[in-house]
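Here's the structure, in structure tokens; my notes come after.
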Amino acid sequence: MCSSIVYGRPPPTLLTCLPGTAKVEVVDQQLMARDQKLKALKVIFLETQNWMKQVYDKKLKEREFDVGDWGSQSENAFIQYWEEHIGLPHLPHWLVAKASLLSPHHVAVFMKLVEKNELASNLRSFCKQANIDCSTNALVKKTTGCTSLPPVALWNEAKVKYDFPNETPQSIASQGGLPYFRKSMVKEGSVMPIPDLRDPMSYKSFLLRSIASKMPFSVAHIEEWKKLFGVEDESNMDEYIQDTLEICEKSPIQGEKRTCATSAEDLIDFVVKELGHYAHLWSTESVEGSYENVTIGVVKLIYGNLSESPALCHSQSFIFQVYYCHVIQKVRVYAVDIHARKTVNRAIMACHYDTSTWNPNHLAFKLLGLGSGQIEICHWINENGIVWTKT
């Protein structure tokens, strides 16, 4: 608004840089560094704005921010909820960006449209405002990472299905990299094929808890979900909804605690319930190295307490941001430097040292040649995936 008043036009838009799109590597690196700095500055300004609002609200009557204000009320609320519940100084900028963009006004409008069965005629507008994906065939066009990579690997979600027999053919699952491997295969100096690390729908936001909590998250209501968001039968989104609801409804395996977080508050509440208020967050830095044979650099054990399990949260393909989170016994967590073609990526690796309760027909055992309970199984934490450990 200030730019419009002073210059008579809105400020210019800074386009996000995609890795590998610049012809000169140094320029590519500088542009990526610029984007990271801008994201970090946004978080700092949001925190400052939140503090200023709290100070001035003591003297002024209450008001609400709306979509269009830089730093929405929802982002500020997310940061505040984090600071009240998690003993870490700052919420990672990429997670802040997943806060819902909806204001209380939009929530009220949405609920009225649902009650009157009129959402369909306003669906495109609502989905755009909420930054969720109501496209029936949503996928690769908005994903992060180099556009020269092959299509996103649809078998990536097999990583969270420890109790499911996996029907993905081994020849397909191993294309471009190993989805599962032994800890002994990850040694400094060794060369290793890396699978697709991308989150197929990395750009979407959470829904506000006030909306998400009112929507039944179960397979029995899948037709309601499809009707509400205009999803066609046998489309990509139809498959994503089905898979995610099945994963979220499945009973936990022995010793496992799980949930599906459909809002930012749900995610934080699960972590606090299982690990306490003082938890550390780990995530893979980028998607660099996907579909490459990389050289393994430093391998660092960052959490090795087998008696106190970490929480693993996997980003699910769904209309809005959903995390499948679980605490499973005897898991160690490592930070691994993978030397990709363009840069060094710090990837997070989880290794499961008790696989006795996994389905014996799981893809991991087919790929590695041994059965459940006989070996440890490791896998990478994909883009937007989170590992939480006690501090």
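Labeling convention for the structure tokens: chains A, B, ... as they appear, residues from 1 per chain, ligands from 1 in order of appearance.
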
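Of all the residues in segment 172-311 of chain A, the ones DSSP labels as strand (DSSP E) from the backbone are Val191, Met192, Pro193, Lys257, Arg258, Thr259, Cys260, Ala261, Ala279, His280, Leu281, Trp282, Asn293, Val294, Thr295, Ile296, Gly297, Val298, Val299, Lys300, Leu301, Ile302, Tyr303 and Ala311 of chain A.
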
Exercise. Can you pull out every residue within 10 Å of segment 98-111 of chain A, counting only C-alpha atoms, but drop anything in the same chain fewer than 4 positions away, and send it as a VMD selection string?
Key: chain A and resid 64 to 68 71 to 79 93 to 94 115 to 119 122 to 123 126 128 to 132 202 to 211 214 263 to 265 320 to 321

Quiz item: Looking at A:Ile268, A:Ile348, A:Cys248, A:Val287, which one is nearest to Pro195 of chain A, with distances taken over only C-alpha atoms?
Solution: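 Result for the nearest residue to Pro195 of chain A: A:Val287.
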
Practice problem: May I ask which of the residues A:Ser251, A:Ser356, A:Gln374, A:Thr259 is the closest one to Phe217 of chain A, counting only C-alpha atoms? | Solution: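 Of all the options, A:Thr259 lies closest to Phe217 of chain A.
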
Quiz item: When you draw a straight line from atom CA of Arg346 of chain A to atom CA of Glu285 of chain A, how long is it in Å?
Solution: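 Interatomic distance here is 5.6 Å.
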
Practice problem: Report the distance between atom CA of Ser184 of chain A and atom CA of Trp282 of chain A in Å, rounded to one decimal place. | Solution: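 Atom-to-atom, atom CA of Ser184 of chain A and atom CA of Trp282 of chain A are spaced 21.9 Å apart.
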
Quiz item: Any idea what's packed within 12 Å of Val294 of chain A, counting only C-alpha atoms, ignoring anything in its chain fewer than 5 positions away? Could you give it as a list in words?
Solution: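 Near neighbours after the sequence-gap exclusion: Gly176, Gly177, Leu178, Val186, Lys187, Glu188, Gly189, Ser190, Val191, Met192, Pro193, Ile194, Pro195, Glu288, Gly289, Val336, Asp337, Ile338, His339, Ala340, Arg341, Lys342, Thr343, Val344, Asn345 and Ala347 of chain A.
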
With N, CA, C and O atoms retained, write the just-selected residues as a short mmCIF file (atom, residue, chain, number, x, y, z; two decimals), in the first residue's frame.
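Output file again-v3.cif follows:
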data_model
loop_
_atom_site.label_atom_id
_atom_site.label_comp_id
_atom_site.auth_asym_id
_atom_site.auth_seq_id
_atom_site.Cartn_x
_atom_site.Cartn_y
_atom_site.Cartn_z
N GLY A 176 16.16 -44.55 -10.01
CA GLY A 176 16.62 -43.25 -9.56
C GLY A 176 17.20 -43.24 -8.16
O GLY A 176 17.71 -42.23 -7.71
N GLY A 177 17.14 -44.34 -7.42
CA GLY A 177 17.72 -44.35 -6.09
C GLY A 177 17.07 -45.39 -5.20
O GLY A 177 16.03 -45.95 -5.53
N LEU A 178 17.70 -45.61 -4.05
CA LEU A 178 17.20 -46.62 -3.12
C LEU A 178 16.26 -45.98 -2.10
O LEU A 178 16.69 -45.10 -1.33
N VAL A 186 25.84 -46.39 4.19
CA VAL A 186 26.03 -44.93 4.23
C VAL A 186 27.34 -44.64 4.96
O VAL A 186 27.37 -44.46 6.17
N LYS A 187 28.41 -44.62 4.20
CA LYS A 187 29.74 -44.37 4.75
C LYS A 187 30.38 -43.19 4.04
O LYS A 187 30.20 -43.00 2.84
N GLU A 188 31.16 -42.43 4.78
CA GLU A 188 31.84 -41.28 4.19
C GLU A 188 32.75 -41.74 3.05
O GLU A 188 33.55 -42.66 3.21
N GLY A 189 32.58 -41.10 1.89
CA GLY A 189 33.38 -41.44 0.73
C GLY A 189 32.72 -42.40 -0.23
O GLY A 189 33.15 -42.54 -1.38
N SER A 190 31.67 -43.08 0.22
CA SER A 190 30.98 -44.03 -0.66
C SER A 190 30.04 -43.30 -1.61
O SER A 190 29.64 -42.16 -1.36
N VAL A 191 29.70 -43.95 -2.71
CA VAL A 191 28.76 -43.39 -3.69
C VAL A 191 27.43 -44.11 -3.55
O VAL A 191 27.37 -45.33 -3.44
N MET A 192 26.34 -43.33 -3.55
CA MET A 192 25.02 -43.91 -3.29
C MET A 192 23.97 -43.26 -4.18
O MET A 192 23.96 -42.03 -4.34
N PRO A 193 23.06 -44.04 -4.76
CA PRO A 193 21.97 -43.46 -5.56
C PRO A 193 20.86 -42.92 -4.64
O PRO A 193 20.35 -43.65 -3.80
N ILE A 194 20.52 -41.65 -4.81
CA ILE A 194 19.53 -41.00 -3.95
C ILE A 194 18.17 -41.01 -4.65
O ILE A 194 18.08 -40.65 -5.83
N PRO A 195 17.11 -41.38 -3.96
CA PRO A 195 15.77 -41.36 -4.57
C PRO A 195 15.21 -39.94 -4.62
O PRO A 195 15.89 -38.98 -4.28
N GLU A 288 18.18 -31.24 -3.27
CA GLU A 288 19.38 -31.47 -4.08
C GLU A 288 19.89 -32.90 -3.88
O GLU A 288 19.96 -33.40 -2.76
N GLY A 289 20.26 -33.53 -4.98
CA GLY A 289 20.73 -34.91 -4.94
C GLY A 289 19.70 -35.91 -5.42
O GLY A 289 20.03 -37.07 -5.65
N VAL A 336 23.35 -36.35 7.35
CA VAL A 336 24.31 -36.85 6.36
C VAL A 336 24.55 -35.77 5.30
O VAL A 336 23.59 -35.26 4.70
N ASP A 337 25.82 -35.44 5.07
CA ASP A 337 26.16 -34.53 3.99
C ASP A 337 26.22 -35.33 2.69
O ASP A 337 27.05 -36.24 2.55
N ILE A 338 25.33 -35.01 1.76
CA ILE A 338 25.37 -35.68 0.46
C ILE A 338 25.87 -34.68 -0.58
O ILE A 338 25.29 -33.61 -0.75
N HIS A 339 26.96 -35.03 -1.23
CA HIS A 339 27.59 -34.13 -2.19
C HIS A 339 26.93 -34.31 -3.56
O HIS A 339 27.32 -35.18 -4.34
N ALA A 340 25.93 -33.49 -3.81
CA ALA A 340 25.18 -33.54 -5.06
C ALA A 340 25.96 -32.79 -6.14
O ALA A 340 27.00 -32.19 -5.89
N ARG A 341 25.43 -32.81 -7.35
CA ARG A 341 26.12 -32.21 -8.50
C ARG A 341 26.34 -30.71 -8.30
O ARG A 341 27.39 -30.18 -8.67
N LYS A 342 25.37 -30.01 -7.71
CA LYS A 342 25.47 -28.56 -7.59
C LYS A 342 25.90 -28.07 -6.21
O LYS A 342 26.49 -27.00 -6.09
N THR A 343 25.56 -28.82 -5.19
CA THR A 343 25.84 -28.33 -3.85
C THR A 343 25.84 -29.48 -2.86
O THR A 343 25.51 -30.61 -3.22
N VAL A 344 26.20 -29.20 -1.62
CA VAL A 344 26.15 -30.20 -0.55
C VAL A 344 24.82 -30.04 0.18
O VAL A 344 24.48 -28.94 0.63
N ASN A 345 24.07 -31.10 0.27
CA ASN A 345 22.78 -31.09 0.94
C ASN A 345 22.90 -31.83 2.27
O ASN A 345 23.44 -32.93 2.33
N ALA A 347 21.12 -33.91 4.57
CA ALA A 347 19.91 -34.73 4.57
C ALA A 347 19.76 -35.45 5.91
O ALA A 347 20.76 -35.86 6.52
#

Quiz item: Quick one: distance from atom CA of His352 of chain A to atom CA of Trp82 of chain A in Å, one decimal?
Solution: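 For atom CA of His352 of chain A relative to atom CA of Trp82 of chain A, the distance reads 28.6 Å.
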
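Among the candidates A:Ala97, A:Leu367, A:Ile328, A:Met349, the residue lying nearest to Leu197 of chain A is A:Met349 (atoms considered: only C-alpha atoms).
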
Quiz item: Near Gly373 of chain A, within 12 Å and counting only C-alpha atoms, which residues show up once chain neighbours fewer than 6 positions away are dropped, as a PyMOL selection string?
Solution: chain A and resi 352-360+362+364-365

Quiz item: Nearest to Met201 of chain A: which of A:Asp35, A:Glu83, A:Asp133, A:Glu292 is it, counting only C-alpha atoms?
Solution: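 Closest residue, counting only C-alpha atoms: A:Asp133.
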
Practice problem: Taking the chain letters and numbering used in this document, name the residues of segment 92-331 of chain A that DSSP puts in helix (DSSP H, G or I), as a PyMOL selection string. | Solution: chain A and resi 93-96+104-115+120-130+140-142+154-160+170-173+183-185+209-212+219-228+236-249+264-275

List the spatial neighbours of Val271 of chain A as a short mmCIF file (atom, residue, chain, number, x, y, z; two decimals) with N, CA and C atoms, in the first residue's frame - criterion: any atom at most 9 Å away, only C-alpha atoms, same-chain residues fewer than 5 positions off excluded.
data_model
loop_
_atom_site.label_atom_id
_atom_site.label_comp_id
_atom_site.auth_asym_id
_atom_site.auth_seq_id
_atom_site.Cartn_x
_atom_site.Cartn_y
_atom_site.Cartn_z
N ILE A 86 6.51 -24.89 22.56
CA ILE A 86 7.77 -25.54 22.21
C ILE A 86 8.94 -24.69 22.71
N ASP A 266 -2.50 -28.94 15.83
CA ASP A 266 -2.50 -30.40 16.02
C ASP A 266 -1.08 -30.95 15.99
N GLY A 276 7.18 -33.80 25.17
CA GLY A 276 7.32 -32.71 26.12
C GLY A 276 7.53 -31.38 25.41
N HIS A 277 7.70 -30.33 26.20
CA HIS A 277 7.78 -28.98 25.64
C HIS A 277 9.16 -28.67 25.04
N ALA A 279 11.67 -29.86 22.65
CA ALA A 279 11.95 -30.77 21.54
C ALA A 279 12.73 -30.04 20.47
N ALA A 311 9.92 -38.50 17.25
CA ALA A 311 8.67 -38.45 16.49
C ALA A 311 9.01 -38.12 15.05
N CYS A 325 2.17 -38.25 11.67
CA CYS A 325 3.22 -38.26 12.70
C CYS A 325 3.12 -39.53 13.53
N TRP A 388 11.38 -34.97 15.21
CA TRP A 388 11.43 -34.25 16.49
C TRP A 388 12.15 -35.14 17.50
#
